[in-house]
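Reading through the structure tokens given below for one structure.
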Amino acid sequence: MKSDRLPDKLPRHIAFIMDGNGRWAKRRLLPRKAGHREGVKTLRKIVDECFRAGIPFVTLYAFSTENKERPADEVETLFSLMKEYFTEFLGEMLEKGIRITVMGDLSYFPADLRSIIGDAVQKSKDCTDSTLNIALNYGARSEIVRAVNAAVEQGKPVDETSFSRLLYTADLPDPDLVVRTSGEARLSNFMLWQCAYSELFFVKTLWPDFGKKELYEVLNGYAARDRRFGKVKQ
Ligand code: FPP
């Protein structure tokens, strides 16, 4: 498959399940945190590439509700990488017109990190060129339960459209394409409602090794897929 060129048909929204940082580090006899640090370098490059290609919405699964159960020092490392990321690159993102949105229950995060993230969301809220949506302490089942409770609170029946508005992704289109790296073929509690018709790509490459070539391969693969949304082609 041609992978050095961008196809004509691009997704409007691409989501990444960034997996394999730990294995990347292990293969090099490095601590897991070295894998996560490398993972942040990859996410910066890939997010840039996506926006440069003209994909307006990018979602990253950065911290799941289950990731809290990891050893405390690994969770600490992830928190400090997030702090660095939001502090160092906010200016650059604002210059590029990138709106930052987050989905998940931030109440678990330390106050200083919450405030850094809140600041990034607030300062970028009027940016209109592209949207970087980051899943933080996110789980799809708890997102759905939260939306059901909000619907009950409203006291009137919902339909698919009004229910979608109660999810974290109320103002985002559904992902057209979900990419999971590292060879695992599952969604792991990620955007279960929103991915109803997403094209799924499971690639063997570990997240820190995922580069422009691998991105273009996935985008070309996506362009070649026949999306029928359960209907037949006329
Ligand atoms: C999965 O690899 C990766 C994660 C659980 C964390 C992803 C987070 C980052 C790349 C950095 C923090 C985010 C931001 C927004 C700066 P794994 O550790 O499960 O890898 P393994 O399956 O090989 O062990």
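Order determines the names: the first chain of the structure tokens is A, the second B, and so forth; residues in each chain are numbered 1 upward, and ligands are numbered 1 upward as they are shown.
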
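Taking the backbone of this structure through DSSP, the residues of range 96-212 of chain A that come out as strand (DSSP E or B) are Ile98, Arg99, Ile100, Thr101, Val102, Met103, Ser130, Thr131, Leu132, Asn133, Ile134, Ala135, Leu136, Asn137, Tyr138, Leu177, Val178, Val179, Arg180, Glu199, Leu200, Phe201 and Phe202 of chain A.
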
When you look at Asp174 in chain A with a cut-off of 12 Å (counting only C-alpha atoms), what residues show up, excluding the ones that are within fewer than 6 positions of it in the same chain? I need them as a CSV table (one decimal) with all heavy atoms, in the first residue's frame.
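Writing done, so here's around_38.csv:
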chain,number,residue,atom,x,y,z
A,11,PRO,N,-10.1,11.2,7.5
A,11,PRO,CA,-11.1,11.3,8.6
A,11,PRO,C,-11.2,12.7,9.1
A,11,PRO,O,-10.3,13.5,9.0
A,11,PRO,CB,-10.5,10.4,9.7
A,11,PRO,CG,-9.0,10.4,9.5
A,11,PRO,CD,-8.8,10.6,8.0
A,12,ARG,N,-12.4,13.0,9.6
A,12,ARG,CA,-12.6,14.3,10.3
A,12,ARG,C,-12.1,14.3,11.7
A,12,ARG,O,-11.6,15.2,12.3
A,12,ARG,CB,-14.1,14.7,10.2
A,12,ARG,CG,-14.3,16.1,10.3
A,12,ARG,CD,-15.8,16.5,10.0
A,12,ARG,NE,-16.1,17.7,10.7
A,12,ARG,CZ,-17.1,17.9,11.5
A,12,ARG,NH1,-18.0,16.9,11.7
A,12,ARG,NH2,-17.3,19.0,12.1
A,13,HIS,N,-12.2,13.1,12.3
A,13,HIS,CA,-11.8,12.9,13.7
A,13,HIS,C,-11.1,11.6,13.8
A,13,HIS,O,-11.6,10.5,13.4
A,13,HIS,CB,-13.1,12.8,14.6
A,13,HIS,CG,-12.9,12.8,16.0
A,13,HIS,ND1,-13.9,12.8,17.0
A,13,HIS,CD2,-11.7,12.6,16.7
A,13,HIS,CE1,-13.3,12.7,18.2
A,13,HIS,NE2,-12.0,12.6,18.1
A,14,ILE,N,-9.8,11.7,14.3
A,14,ILE,CA,-9.0,10.5,14.5
A,14,ILE,C,-8.7,10.3,16.0
A,14,ILE,O,-8.5,11.3,16.6
A,14,ILE,CB,-7.7,10.5,13.6
A,14,ILE,CG1,-6.9,9.2,13.8
A,14,ILE,CG2,-6.9,11.7,14.0
A,14,ILE,CD1,-5.8,9.1,12.7
A,15,ALA,N,-8.8,9.1,16.5
A,15,ALA,CA,-8.6,8.9,17.9
A,15,ALA,C,-7.5,7.8,18.1
A,15,ALA,O,-7.4,6.9,17.3
A,15,ALA,CB,-9.9,8.4,18.6
A,57,PHE,N,-10.0,17.1,14.1
A,57,PHE,CA,-10.2,16.7,15.5
A,57,PHE,C,-9.3,15.5,15.8
A,57,PHE,O,-9.4,14.5,15.0
A,57,PHE,CB,-11.7,16.2,15.7
A,57,PHE,CG,-12.7,17.4,15.5
A,57,PHE,CD1,-13.3,17.7,14.3
A,57,PHE,CD2,-13.0,18.1,16.6
A,57,PHE,CE1,-14.2,18.7,14.2
A,57,PHE,CE2,-13.9,19.2,16.5
A,57,PHE,CZ,-14.5,19.5,15.3
A,58,VAL,N,-8.6,15.6,16.9
A,58,VAL,CA,-7.7,14.5,17.3
A,58,VAL,C,-8.0,14.2,18.8
A,58,VAL,O,-8.1,15.1,19.6
A,58,VAL,CB,-6.2,14.8,17.1
A,58,VAL,CG1,-5.3,13.7,17.7
A,58,VAL,CG2,-5.9,15.1,15.7
A,59,THR,N,-8.3,12.9,19.1
A,59,THR,CA,-8.4,12.5,20.5
A,59,THR,C,-7.3,11.6,20.9
A,59,THR,O,-6.9,10.7,20.1
A,59,THR,CB,-9.8,11.8,20.7
A,59,THR,OG1,-10.9,12.8,20.5
A,59,THR,CG2,-10.0,11.2,22.0
A,133,ASN,N,-8.5,16.7,21.8
A,133,ASN,CA,-9.3,16.2,22.9
A,133,ASN,C,-8.5,15.2,23.6
A,133,ASN,O,-8.1,14.2,23.0
A,133,ASN,CB,-10.6,15.7,22.3
A,133,ASN,CG,-11.6,15.1,23.4
A,133,ASN,OD1,-11.8,15.7,24.4
A,133,ASN,ND2,-12.1,13.9,23.1
A,161,THR,N,-29.7,11.6,19.8
A,161,THR,CA,-29.1,12.9,19.7
A,161,THR,C,-29.0,13.6,21.0
A,161,THR,O,-28.0,14.1,21.4
A,161,THR,CB,-29.9,13.8,18.6
A,161,THR,OG1,-30.1,13.0,17.5
A,161,THR,CG2,-29.2,15.1,18.4
A,164,SER,N,-26.5,12.0,23.3
A,164,SER,CA,-25.1,12.3,22.9
A,164,SER,C,-24.6,13.6,23.5
A,164,SER,O,-23.5,13.8,23.8
A,164,SER,CB,-24.9,12.4,21.3
A,164,SER,OG,-25.2,11.2,20.8
A,165,ARG,N,-25.6,14.5,23.6
A,165,ARG,CA,-25.3,15.8,24.2
A,165,ARG,C,-24.9,15.8,25.6
A,165,ARG,O,-24.4,16.8,26.2
A,165,ARG,CB,-26.4,16.8,23.9
A,165,ARG,CG,-26.4,17.3,22.5
A,165,ARG,CD,-27.3,18.6,22.3
A,165,ARG,NE,-27.9,18.5,21.0
A,165,ARG,CZ,-29.2,18.3,20.8
A,165,ARG,NH1,-30.0,18.1,21.8
A,165,ARG,NH2,-29.7,18.2,19.6
A,167,LEU,N,-22.9,13.5,26.9
A,167,LEU,CA,-21.6,12.9,27.0
A,167,LEU,C,-20.5,14.0,27.0
A,167,LEU,O,-20.8,15.1,26.6
A,167,LEU,CB,-21.4,11.9,25.8
A,167,LEU,CG,-22.3,10.7,25.7
A,167,LEU,CD1,-22.2,10.0,24.4
A,167,LEU,CD2,-22.2,9.8,26.9
A,168,TYR,N,-19.3,13.6,27.4
A,168,TYR,CA,-18.2,14.6,27.4
A,168,TYR,C,-18.0,15.1,26.0
A,168,TYR,O,-17.5,16.2,25.8
A,168,TYR,CB,-16.9,13.9,27.8
A,168,TYR,CG,-16.8,13.5,29.2
A,168,TYR,CD1,-16.5,12.1,29.6
A,168,TYR,CD2,-16.9,14.4,30.2
A,168,TYR,CE1,-16.4,11.7,30.9
A,168,TYR,CE2,-16.8,14.0,31.6
A,168,TYR,CZ,-16.5,12.7,31.9
A,168,TYR,OH,-16.4,12.3,33.2
A,191,MET,N,-14.5,5.3,24.4
A,191,MET,CA,-15.5,5.9,23.5
A,191,MET,C,-16.5,4.9,23.0
A,191,MET,O,-16.7,4.8,21.8
A,191,MET,CB,-14.8,6.7,22.4
A,191,MET,CG,-14.0,7.8,23.0
A,191,MET,SD,-13.2,8.9,21.7
A,191,MET,CE,-14.4,10.2,21.6
A,192,LEU,N,-17.1,4.0,23.9
A,192,LEU,CA,-17.9,2.9,23.4
A,192,LEU,C,-19.1,3.4,22.6
A,192,LEU,O,-19.6,2.8,21.7
A,192,LEU,CB,-18.3,2.0,24.5
A,192,LEU,CG,-17.1,1.4,25.2
A,192,LEU,CD1,-17.5,0.5,26.4
A,192,LEU,CD2,-16.2,0.6,24.2
A,193,TRP,N,-19.7,4.5,23.1
A,193,TRP,CA,-20.9,5.1,22.4
A,193,TRP,C,-20.5,5.7,21.1
A,193,TRP,O,-21.1,5.4,20.0
A,193,TRP,CB,-21.6,6.1,23.3
A,193,TRP,CG,-22.7,6.9,22.7
A,193,TRP,CD1,-22.5,8.0,21.8
A,193,TRP,CD2,-24.1,6.6,22.7
A,193,TRP,NE1,-23.8,8.4,21.4
A,193,TRP,CE2,-24.7,7.6,21.9
A,193,TRP,CE3,-24.8,5.6,23.4
A,193,TRP,CZ2,-26.1,7.6,21.8
A,193,TRP,CZ3,-26.2,5.6,23.2
A,193,TRP,CH2,-26.8,6.6,22.4
A,194,GLN,N,-19.4,6.5,21.1
A,194,GLN,CA,-19.0,7.3,20.0
A,194,GLN,C,-18.4,6.5,18.8
A,194,GLN,O,-18.3,6.9,17.7
A,194,GLN,CB,-18.0,8.4,20.4
A,194,GLN,CG,-18.5,9.4,21.4
A,194,GLN,CD,-18.3,8.9,22.9
A,194,GLN,OE1,-18.2,7.7,23.1
A,194,GLN,NE2,-18.3,9.9,23.8
A,195,CYS,N,-17.9,5.3,19.2
A,195,CYS,CA,-17.2,4.4,18.2
A,195,CYS,C,-18.1,3.5,17.4
A,195,CYS,O,-17.7,2.6,16.8
A,195,CYS,CB,-16.1,3.6,18.8
A,195,CYS,SG,-14.7,4.7,19.3
A,196,ALA,N,-19.4,3.7,17.6
A,196,ALA,CA,-20.4,2.7,17.0
A,196,ALA,C,-20.1,2.4,15.5
A,196,ALA,O,-20.2,1.3,15.1
A,196,ALA,CB,-21.8,3.2,17.1
A,197,TYR,N,-19.7,3.4,14.8
A,197,TYR,CA,-19.4,3.2,13.3
A,197,TYR,C,-18.0,3.6,12.9
A,197,TYR,O,-17.7,3.8,11.8
A,197,TYR,CB,-20.4,4.0,12.5
A,197,TYR,CG,-21.8,3.2,12.5
A,197,TYR,CD1,-22.8,3.7,13.3
A,197,TYR,CD2,-21.9,2.1,11.7
A,197,TYR,CE1,-24.0,3.0,13.3
A,197,TYR,CE2,-23.1,1.4,11.7
A,197,TYR,CZ,-24.1,1.8,12.5
A,197,TYR,OH,-25.3,1.1,12.6
A,198,SER,N,-17.1,3.7,13.9
A,198,SER,CA,-15.7,4.1,13.6
A,198,SER,C,-15.0,2.9,12.9
A,198,SER,O,-15.3,1.8,13.2
A,198,SER,CB,-14.9,4.4,14.9
A,198,SER,OG,-15.6,5.4,15.7
A,199,GLU,N,-14.1,3.3,12.1
A,199,GLU,CA,-13.2,2.3,11.5
A,199,GLU,C,-12.1,2.0,12.5
A,199,GLU,O,-11.5,3.0,13.0
A,199,GLU,CB,-12.6,2.8,10.2
A,199,GLU,CG,-13.6,3.0,9.1
A,199,GLU,CD,-14.3,1.7,8.7
A,199,GLU,OE1,-13.6,0.6,8.7
A,199,GLU,OE2,-15.5,1.7,8.3

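With only C-alpha atoms and all ligand atoms counted, the chains near ligand 1 contribute these residues within 6 Å: Met18, Asp19, Gly20, Asn21, Gly22, Arg23, His36, Gly39, Val40, Ala62, Phe63, Leu78, Leu81, Met82 and Tyr85 of chain A.
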
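Distance-wise, CA of Gly155 in chain A and CA of Leu172 in chain A end up 24.7 Å apart.
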
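Using only C-alpha atoms, the smallest distance between any of A:Leu136, A:Leu206, A:Leu219, A:Val102 and Gly54 in chain A comes from A:Leu219.
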
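Distances from A:Pro56, A:Gly104, A:Gly221, A:Pro208 to Ile144 in chain A were compared using only C-alpha atoms, and the smallest one belongs to A:Gly104.
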
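Distances to Leu132 in chain A were evaluated for A:Leu94, A:Leu200, A:Ala72, A:Leu166 using only C-alpha atoms, and the minimum falls at A:Leu94.
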
note = As a check of understanding: the span from CA of Ala147 in chain A to CA of Pro173 in chain A is 17.1 Å

query = Mind pulling up the distance from CA of Arg70 in chain A to CA of Leu215 in chain A?
reply = 28.7 Å

request  = as JSON, numbers by chain, list the residues of range 14-194 of chain A assigned to helix (DSSP H, G or I) by DSSP on the backbone atoms of this structure.
outcome  = {"A": [21, 22, 23, 24, 25, 26, 27, 32, 33, 34, 35, 36, 37, 38, 39, 40, 41, 42, 43, 44, 45, 46, 47, 48, 49, 50, 51, 52, 53, 65, 66, 67, 68, 69, 72, 73, 74, 75, 76, 77, 78, 79, 80, 81, 82, 83, 84, 85, 86, 87, 88, 89, 90, 91, 92, 93, 94, 95, 106, 107, 108, 111, 112, 113, 114, 115, 116, 117, 118, 119, 120, 121, 122, 123, 140, 141, 142, 143, 144, 145, 146, 147, 148, 149, 150, 151, 152, 153, 154, 160, 161, 162, 163, 164]}

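Of the listed residues A:Asp8, A:Asp171, A:Glu214, A:Asp126, the one whose atoms come nearest to Glu49 in chain A is A:Glu214, with distances taken using only C-alpha atoms.
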
Using only C-alpha atoms, which protein or nucleic acid residues come within 12 Å of Asp105 in chain A? Drop anything in the same chain fewer than 4 positions from it, and give the result as a PDB file with all heavy atoms, in the first residue's frame.
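For reference, part.pdb as written:
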ATOM      1  N   PHE A  63      -5.051   8.647  29.780  1.00  0.00           N
ATOM      2  CA  PHE A  63      -5.079   8.079  31.139  1.00  0.00           C
ATOM      3  C   PHE A  63      -6.475   7.526  31.374  1.00  0.00           C
ATOM      4  O   PHE A  63      -7.463   8.269  31.393  1.00  0.00           O
ATOM      5  CB  PHE A  63      -4.754   9.189  32.155  1.00  0.00           C
ATOM      6  CG  PHE A  63      -4.439   8.689  33.534  1.00  0.00           C
ATOM      7  CD1 PHE A  63      -3.121   8.397  33.907  1.00  0.00           C
ATOM      8  CD2 PHE A  63      -5.439   8.512  34.481  1.00  0.00           C
ATOM      9  CE1 PHE A  63      -2.827   7.943  35.191  1.00  0.00           C
ATOM     10  CE2 PHE A  63      -5.147   8.054  35.761  1.00  0.00           C
ATOM     11  CZ  PHE A  63      -3.838   7.771  36.114  1.00  0.00           C
ATOM     12  N   SER A  64      -6.554   6.211  31.521  1.00  0.00           N
ATOM     13  CA  SER A  64      -7.866   5.590  31.706  1.00  0.00           C
ATOM     14  C   SER A  64      -8.198   5.511  33.191  1.00  0.00           C
ATOM     15  O   SER A  64      -7.308   5.639  34.042  1.00  0.00           O
ATOM     16  CB  SER A  64      -7.865   4.186  31.108  1.00  0.00           C
ATOM     17  OG  SER A  64      -7.097   3.326  31.928  1.00  0.00           O
ATOM     18  N   THR A  65      -9.471   5.264  33.486  1.00  0.00           N
ATOM     19  CA  THR A  65      -9.866   5.119  34.899  1.00  0.00           C
ATOM     20  C   THR A  65      -9.085   3.952  35.525  1.00  0.00           C
ATOM     21  O   THR A  65      -8.777   3.976  36.714  1.00  0.00           O
ATOM     22  CB  THR A  65     -11.392   4.865  35.024  1.00  0.00           C
ATOM     23  OG1 THR A  65     -11.784   3.895  34.044  1.00  0.00           O
ATOM     24  CG2 THR A  65     -12.191   6.127  34.794  1.00  0.00           C
ATOM     25  N   LYS A  68      -5.232   4.312  37.115  1.00  0.00           N
ATOM     26  CA  LYS A  68      -5.016   4.721  38.521  1.00  0.00           C
ATOM     27  C   LYS A  68      -4.453   3.583  39.351  1.00  0.00           C
ATOM     28  O   LYS A  68      -3.832   3.808  40.371  1.00  0.00           O
ATOM     29  CB  LYS A  68      -6.350   5.133  39.155  1.00  0.00           C
ATOM     30  CG  LYS A  68      -6.952   6.389  38.609  1.00  0.00           C
ATOM     31  CD  LYS A  68      -7.955   6.963  39.603  1.00  0.00           C
ATOM     32  CE  LYS A  68      -9.245   6.175  39.692  1.00  0.00           C
ATOM     33  NZ  LYS A  68     -10.129   6.330  38.544  1.00  0.00           N
ATOM     34  N   PHE A 109      -7.358  14.017  40.008  1.00  0.00           N
ATOM     35  CA  PHE A 109      -6.024  14.552  39.737  1.00  0.00           C
ATOM     36  C   PHE A 109      -5.601  15.544  40.819  1.00  0.00           C
ATOM     37  O   PHE A 109      -6.437  16.226  41.411  1.00  0.00           O
ATOM     38  CB  PHE A 109      -6.006  15.272  38.370  1.00  0.00           C
ATOM     39  CG  PHE A 109      -5.898  14.330  37.200  1.00  0.00           C
ATOM     40  CD1 PHE A 109      -6.342  13.029  37.283  1.00  0.00           C
ATOM     41  CD2 PHE A 109      -5.345  14.753  36.000  1.00  0.00           C
ATOM     42  CE1 PHE A 109      -6.237  12.157  36.211  1.00  0.00           C
ATOM     43  CE2 PHE A 109      -5.239  13.893  34.917  1.00  0.00           C
ATOM     44  CZ  PHE A 109      -5.685  12.599  35.022  1.00  0.00           C
ATOM     45  N   PRO A 110      -4.276  15.674  41.060  1.00  0.00           N
ATOM     46  CA  PRO A 110      -3.808  16.658  42.036  1.00  0.00           C
ATOM     47  C   PRO A 110      -4.233  18.079  41.626  1.00  0.00           C
ATOM     48  O   PRO A 110      -4.333  18.373  40.418  1.00  0.00           O
ATOM     49  CB  PRO A 110      -2.285  16.530  42.008  1.00  0.00           C
ATOM     50  CG  PRO A 110      -1.954  15.432  41.065  1.00  0.00           C
ATOM     51  CD  PRO A 110      -3.198  14.907  40.439  1.00  0.00           C
ATOM     52  N   ARG A 114      -4.794  19.855  37.919  1.00  0.00           N
ATOM     53  CA  ARG A 114      -6.157  20.255  37.503  1.00  0.00           C
ATOM     54  C   ARG A 114      -6.172  21.707  37.066  1.00  0.00           C
ATOM     55  O   ARG A 114      -6.785  22.077  36.080  1.00  0.00           O
ATOM     56  CB  ARG A 114      -7.131  20.082  38.668  1.00  0.00           C
ATOM     57  CG  ARG A 114      -7.728  18.724  38.746  1.00  0.00           C
ATOM     58  CD  ARG A 114      -9.062  18.706  39.477  1.00  0.00           C
ATOM     59  NE  ARG A 114      -9.170  19.538  40.646  1.00  0.00           N
ATOM     60  CZ  ARG A 114      -8.951  19.133  41.898  1.00  0.00           C
ATOM     61  NH1 ARG A 114      -8.594  17.887  42.141  1.00  0.00           N
ATOM     62  NH2 ARG A 114      -9.083  19.960  42.909  1.00  0.00           N
ATOM     63  N   ILE A 134      -8.355  15.343  24.927  1.00  0.00           N
ATOM     64  CA  ILE A 134      -7.507  14.394  25.667  1.00  0.00           C
ATOM     65  C   ILE A 134      -8.335  13.688  26.737  1.00  0.00           C
ATOM     66  O   ILE A 134      -8.994  14.336  27.558  1.00  0.00           O
ATOM     67  CB  ILE A 134      -6.301  15.129  26.294  1.00  0.00           C
ATOM     68  CG1 ILE A 134      -5.591  15.961  25.218  1.00  0.00           C
ATOM     69  CG2 ILE A 134      -5.331  14.130  26.907  1.00  0.00           C
ATOM     70  CD1 ILE A 134      -4.343  16.665  25.688  1.00  0.00           C
ATOM     71  N   ALA A 135      -8.310  12.356  26.688  1.00  0.00           N
ATOM     72  CA  ALA A 135      -9.049  11.555  27.669  1.00  0.00           C
ATOM     73  C   ALA A 135      -8.179  11.367  28.909  1.00  0.00           C
ATOM     74  O   ALA A 135      -7.108  10.769  28.838  1.00  0.00           O
ATOM     75  CB  ALA A 135      -9.422  10.211  27.056  1.00  0.00           C
ATOM     76  N   LEU A 136      -8.644  11.895  30.027  1.00  0.00           N
ATOM     77  CA  LEU A 136      -7.870  11.865  31.275  1.00  0.00           C
ATOM     78  C   LEU A 136      -8.735  11.296  32.385  1.00  0.00           C
ATOM     79  O   LEU A 136      -9.818  11.843  32.651  1.00  0.00           O
ATOM     80  CB  LEU A 136      -7.432  13.293  31.643  1.00  0.00           C
ATOM     81  CG  LEU A 136      -6.464  13.975  30.663  1.00  0.00           C
ATOM     82  CD1 LEU A 136      -6.307  15.449  31.008  1.00  0.00           C
ATOM     83  CD2 LEU A 136      -5.109  13.277  30.661  1.00  0.00           C
ATOM     84  N   ASN A 137      -8.269  10.259  33.018  1.00  0.00           N
ATOM     85  CA  ASN A 137      -9.088   9.519  33.982  1.00  0.00           C
ATOM     86  C   ASN A 137     -10.461   9.250  33.357  1.00  0.00           C
ATOM     87  O   ASN A 137     -11.501   9.562  33.926  1.00  0.00           O
ATOM     88  CB  ASN A 137      -9.217  10.258  35.306  1.00  0.00           C
ATOM     89  CG  ASN A 137      -9.734   9.336  36.400  1.00  0.00           C
ATOM     90  OD1 ASN A 137      -9.611   8.122  36.317  1.00  0.00           O
ATOM     91  ND2 ASN A 137     -10.343   9.919  37.421  1.00  0.00           N
ATOM     92  N   TYR A 138     -10.406   8.728  32.147  1.00  0.00           N
ATOM     93  CA  TYR A 138     -11.593   8.498  31.334  1.00  0.00           C
ATOM     94  C   TYR A 138     -11.930   7.016  31.260  1.00  0.00           C
ATOM     95  O   TYR A 138     -11.038   6.159  31.139  1.00  0.00           O
ATOM     96  CB  TYR A 138     -11.354   9.024  29.907  1.00  0.00           C
ATOM     97  CG  TYR A 138     -12.465   8.643  28.955  1.00  0.00           C
ATOM     98  CD1 TYR A 138     -13.624   9.415  28.889  1.00  0.00           C
ATOM     99  CD2 TYR A 138     -12.372   7.492  28.167  1.00  0.00           C
ATOM    100  CE1 TYR A 138     -14.666   9.041  28.043  1.00  0.00           C
ATOM    101  CE2 TYR A 138     -13.406   7.122  27.320  1.00  0.00           C
ATOM    102  CZ  TYR A 138     -14.546   7.902  27.267  1.00  0.00           C
ATOM    103  OH  TYR A 138     -15.577   7.527  26.446  1.00  0.00           O
ATOM    104  N   GLY A 139     -13.224   6.711  31.314  1.00  0.00           N
ATOM    105  CA  GLY A 139     -13.718   5.361  31.047  1.00  0.00           C
ATOM    106  C   GLY A 139     -15.074   5.521  30.376  1.00  0.00           C
ATOM    107  O   GLY A 139     -15.902   6.336  30.814  1.00  0.00           O
ATOM    108  N   ALA A 140     -15.307   4.774  29.301  1.00  0.00           N
ATOM    109  CA  ALA A 140     -16.551   4.948  28.548  1.00  0.00           C
ATOM    110  C   ALA A 140     -17.772   4.539  29.365  1.00  0.00           C
ATOM    111  O   ALA A 140     -18.825   5.177  29.292  1.00  0.00           O
ATOM    112  CB  ALA A 140     -16.490   4.143  27.258  1.00  0.00           C
ATOM    113  N   SER A 142     -18.203   4.676  32.612  1.00  0.00           N
ATOM    114  CA  SER A 142     -18.580   5.697  33.606  1.00  0.00           C
ATOM    115  C   SER A 142     -19.100   6.954  32.903  1.00  0.00           C
ATOM    116  O   SER A 142     -19.977   7.650  33.417  1.00  0.00           O
ATOM    117  CB  SER A 142     -17.443   5.980  34.584  1.00  0.00           C
ATOM    118  OG  SER A 142     -16.450   6.714  33.970  1.00  0.00           O
ATOM    119  N   GLU A 143     -18.615   7.234  31.703  1.00  0.00           N
ATOM    120  CA  GLU A 143     -19.152   8.373  30.934  1.00  0.00           C
ATOM    121  C   GLU A 143     -20.639   8.140  30.622  1.00  0.00           C
ATOM    122  O   GLU A 143     -21.473   9.045  30.756  1.00  0.00           O
ATOM    123  CB  GLU A 143     -18.366   8.524  29.624  1.00  0.00           C
ATOM    124  CG  GLU A 143     -18.937   9.605  28.714  1.00  0.00           C
ATOM    125  CD  GLU A 143     -18.256   9.657  27.347  1.00  0.00           C
ATOM    126  OE1 GLU A 143     -17.865   8.594  26.827  1.00  0.00           O
ATOM    127  OE2 GLU A 143     -18.140  10.771  26.806  1.00  0.00           O
ATOM    128  N   ARG A 146     -22.754   8.386  33.792  1.00  0.00           N
ATOM    129  CA  ARG A 146     -22.870   9.798  34.149  1.00  0.00           C
ATOM    130  C   ARG A 146     -23.955  10.471  33.286  1.00  0.00           C
ATOM    131  O   ARG A 146     -24.788  11.232  33.781  1.00  0.00           O
ATOM    132  CB  ARG A 146     -21.498  10.437  33.898  1.00  0.00           C
ATOM    133  CG  ARG A 146     -21.338  11.893  34.237  1.00  0.00           C
ATOM    134  CD  ARG A 146     -19.874  12.266  33.982  1.00  0.00           C
ATOM    135  NE  ARG A 146     -19.663  13.691  34.008  1.00  0.00           N
ATOM    136  CZ  ARG A 146     -19.766  14.490  32.964  1.00  0.00           C
ATOM    137  NH1 ARG A 146     -20.085  13.998  31.775  1.00  0.00           N
ATOM    138  NH2 ARG A 146     -19.569  15.782  33.094  1.00  0.00           N
ATOM    139  N   TYR A 168     -19.281  13.567  27.367  1.00  0.00           N
ATOM    140  CA  TYR A 168     -18.177  14.555  27.354  1.00  0.00           C
ATOM    141  C   TYR A 168     -17.970  15.135  25.961  1.00  0.00           C
ATOM    142  O   TYR A 168     -17.478  16.244  25.805  1.00  0.00           O
ATOM    143  CB  TYR A 168     -16.864  13.877  27.760  1.00  0.00           C
ATOM    144  CG  TYR A 168     -16.764  13.454  29.208  1.00  0.00           C
ATOM    145  CD1 TYR A 168     -16.500  12.130  29.551  1.00  0.00           C
ATOM    146  CD2 TYR A 168     -16.893  14.379  30.239  1.00  0.00           C
ATOM    147  CE1 TYR A 168     -16.370  11.731  30.875  1.00  0.00           C
ATOM    148  CE2 TYR A 168     -16.765  13.986  31.567  1.00  0.00           C
ATOM    149  CZ  TYR A 168     -16.507  12.670  31.878  1.00  0.00           C
ATOM    150  OH  TYR A 168     -16.378  12.278  33.180  1.00  0.00           O
TER     151      TYR A 168
END

Near Lys83 in chain A, within 9 Å and counting only C-alpha atoms, which residues show up once chain neighbours fewer than 5 positions away are dropped, as a PDB file with C-alpha atoms, in the first residue's frame?
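Resulting contents of result_33.pdb:
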ATOM      1  CA  LEU A  78       2.336  10.335  34.041  1.00  0.00           C
ATOM      2  CA  GLU A  88       5.483  23.845  27.791  1.00  0.00           C
ATOM      3  CA  ASP A 112      -1.973  21.817  40.627  1.00  0.00           C
ATOM      4  CA  LEU A 113      -2.412  19.550  37.579  1.00  0.00           C
ATOM      5  CA  ILE A 116      -2.859  23.679  34.673  1.00  0.00           C
ATOM      6  CA  ILE A 117      -5.306  21.642  32.571  1.00  0.00           C
TER       7      ILE A 117
END

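Close contacts of range 74-77 of chain A, defined as residues with an atom at most 8 Å away when counting only C-alpha atoms, with chain neighbours fewer than 6 positions off set aside, comprise Arg32, Lys33, Asn67 and Lys68 of chain A.
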
If you keep N, CA, C and O atoms, can you produce a file of those selected residues as a compact mmCIF listing (two decimals), in the first residue's frame?
# COMPACT_ATOMS: atom_id res chain seq x y z
N ARG A 32 9.95 1.98 32.89
CA ARG A 32 8.71 2.27 32.16
C ARG A 32 8.54 3.76 31.89
O ARG A 32 8.02 4.18 30.86
N LYS A 33 9.03 4.57 32.85
CA LYS A 33 8.81 6.01 32.65
C LYS A 33 9.54 6.54 31.41
O LYS A 33 9.11 7.52 30.80
N ASN A 67 -5.97 3.11 34.77
CA ASN A 67 -4.54 3.43 34.95
C ASN A 67 -4.22 3.88 36.37
O ASN A 67 -3.06 3.82 36.80
N LYS A 68 -5.23 4.31 37.11
CA LYS A 68 -5.02 4.72 38.52
C LYS A 68 -4.45 3.58 39.35
O LYS A 68 -3.83 3.81 40.37

inquiry  = Counting only C-alpha atoms, which residue out of A:Ile17, A:Val152, A:Val158, A:Ala53 sits closest to Arg5 in chain A?
reply    = A:Ala53

ask   = For Val145 in chain A, which residue out of A:Arg180, A:Arg52, A:Phe163, A:Lys123 is the nearest one, using only C-alpha atoms?
value = A:Phe163
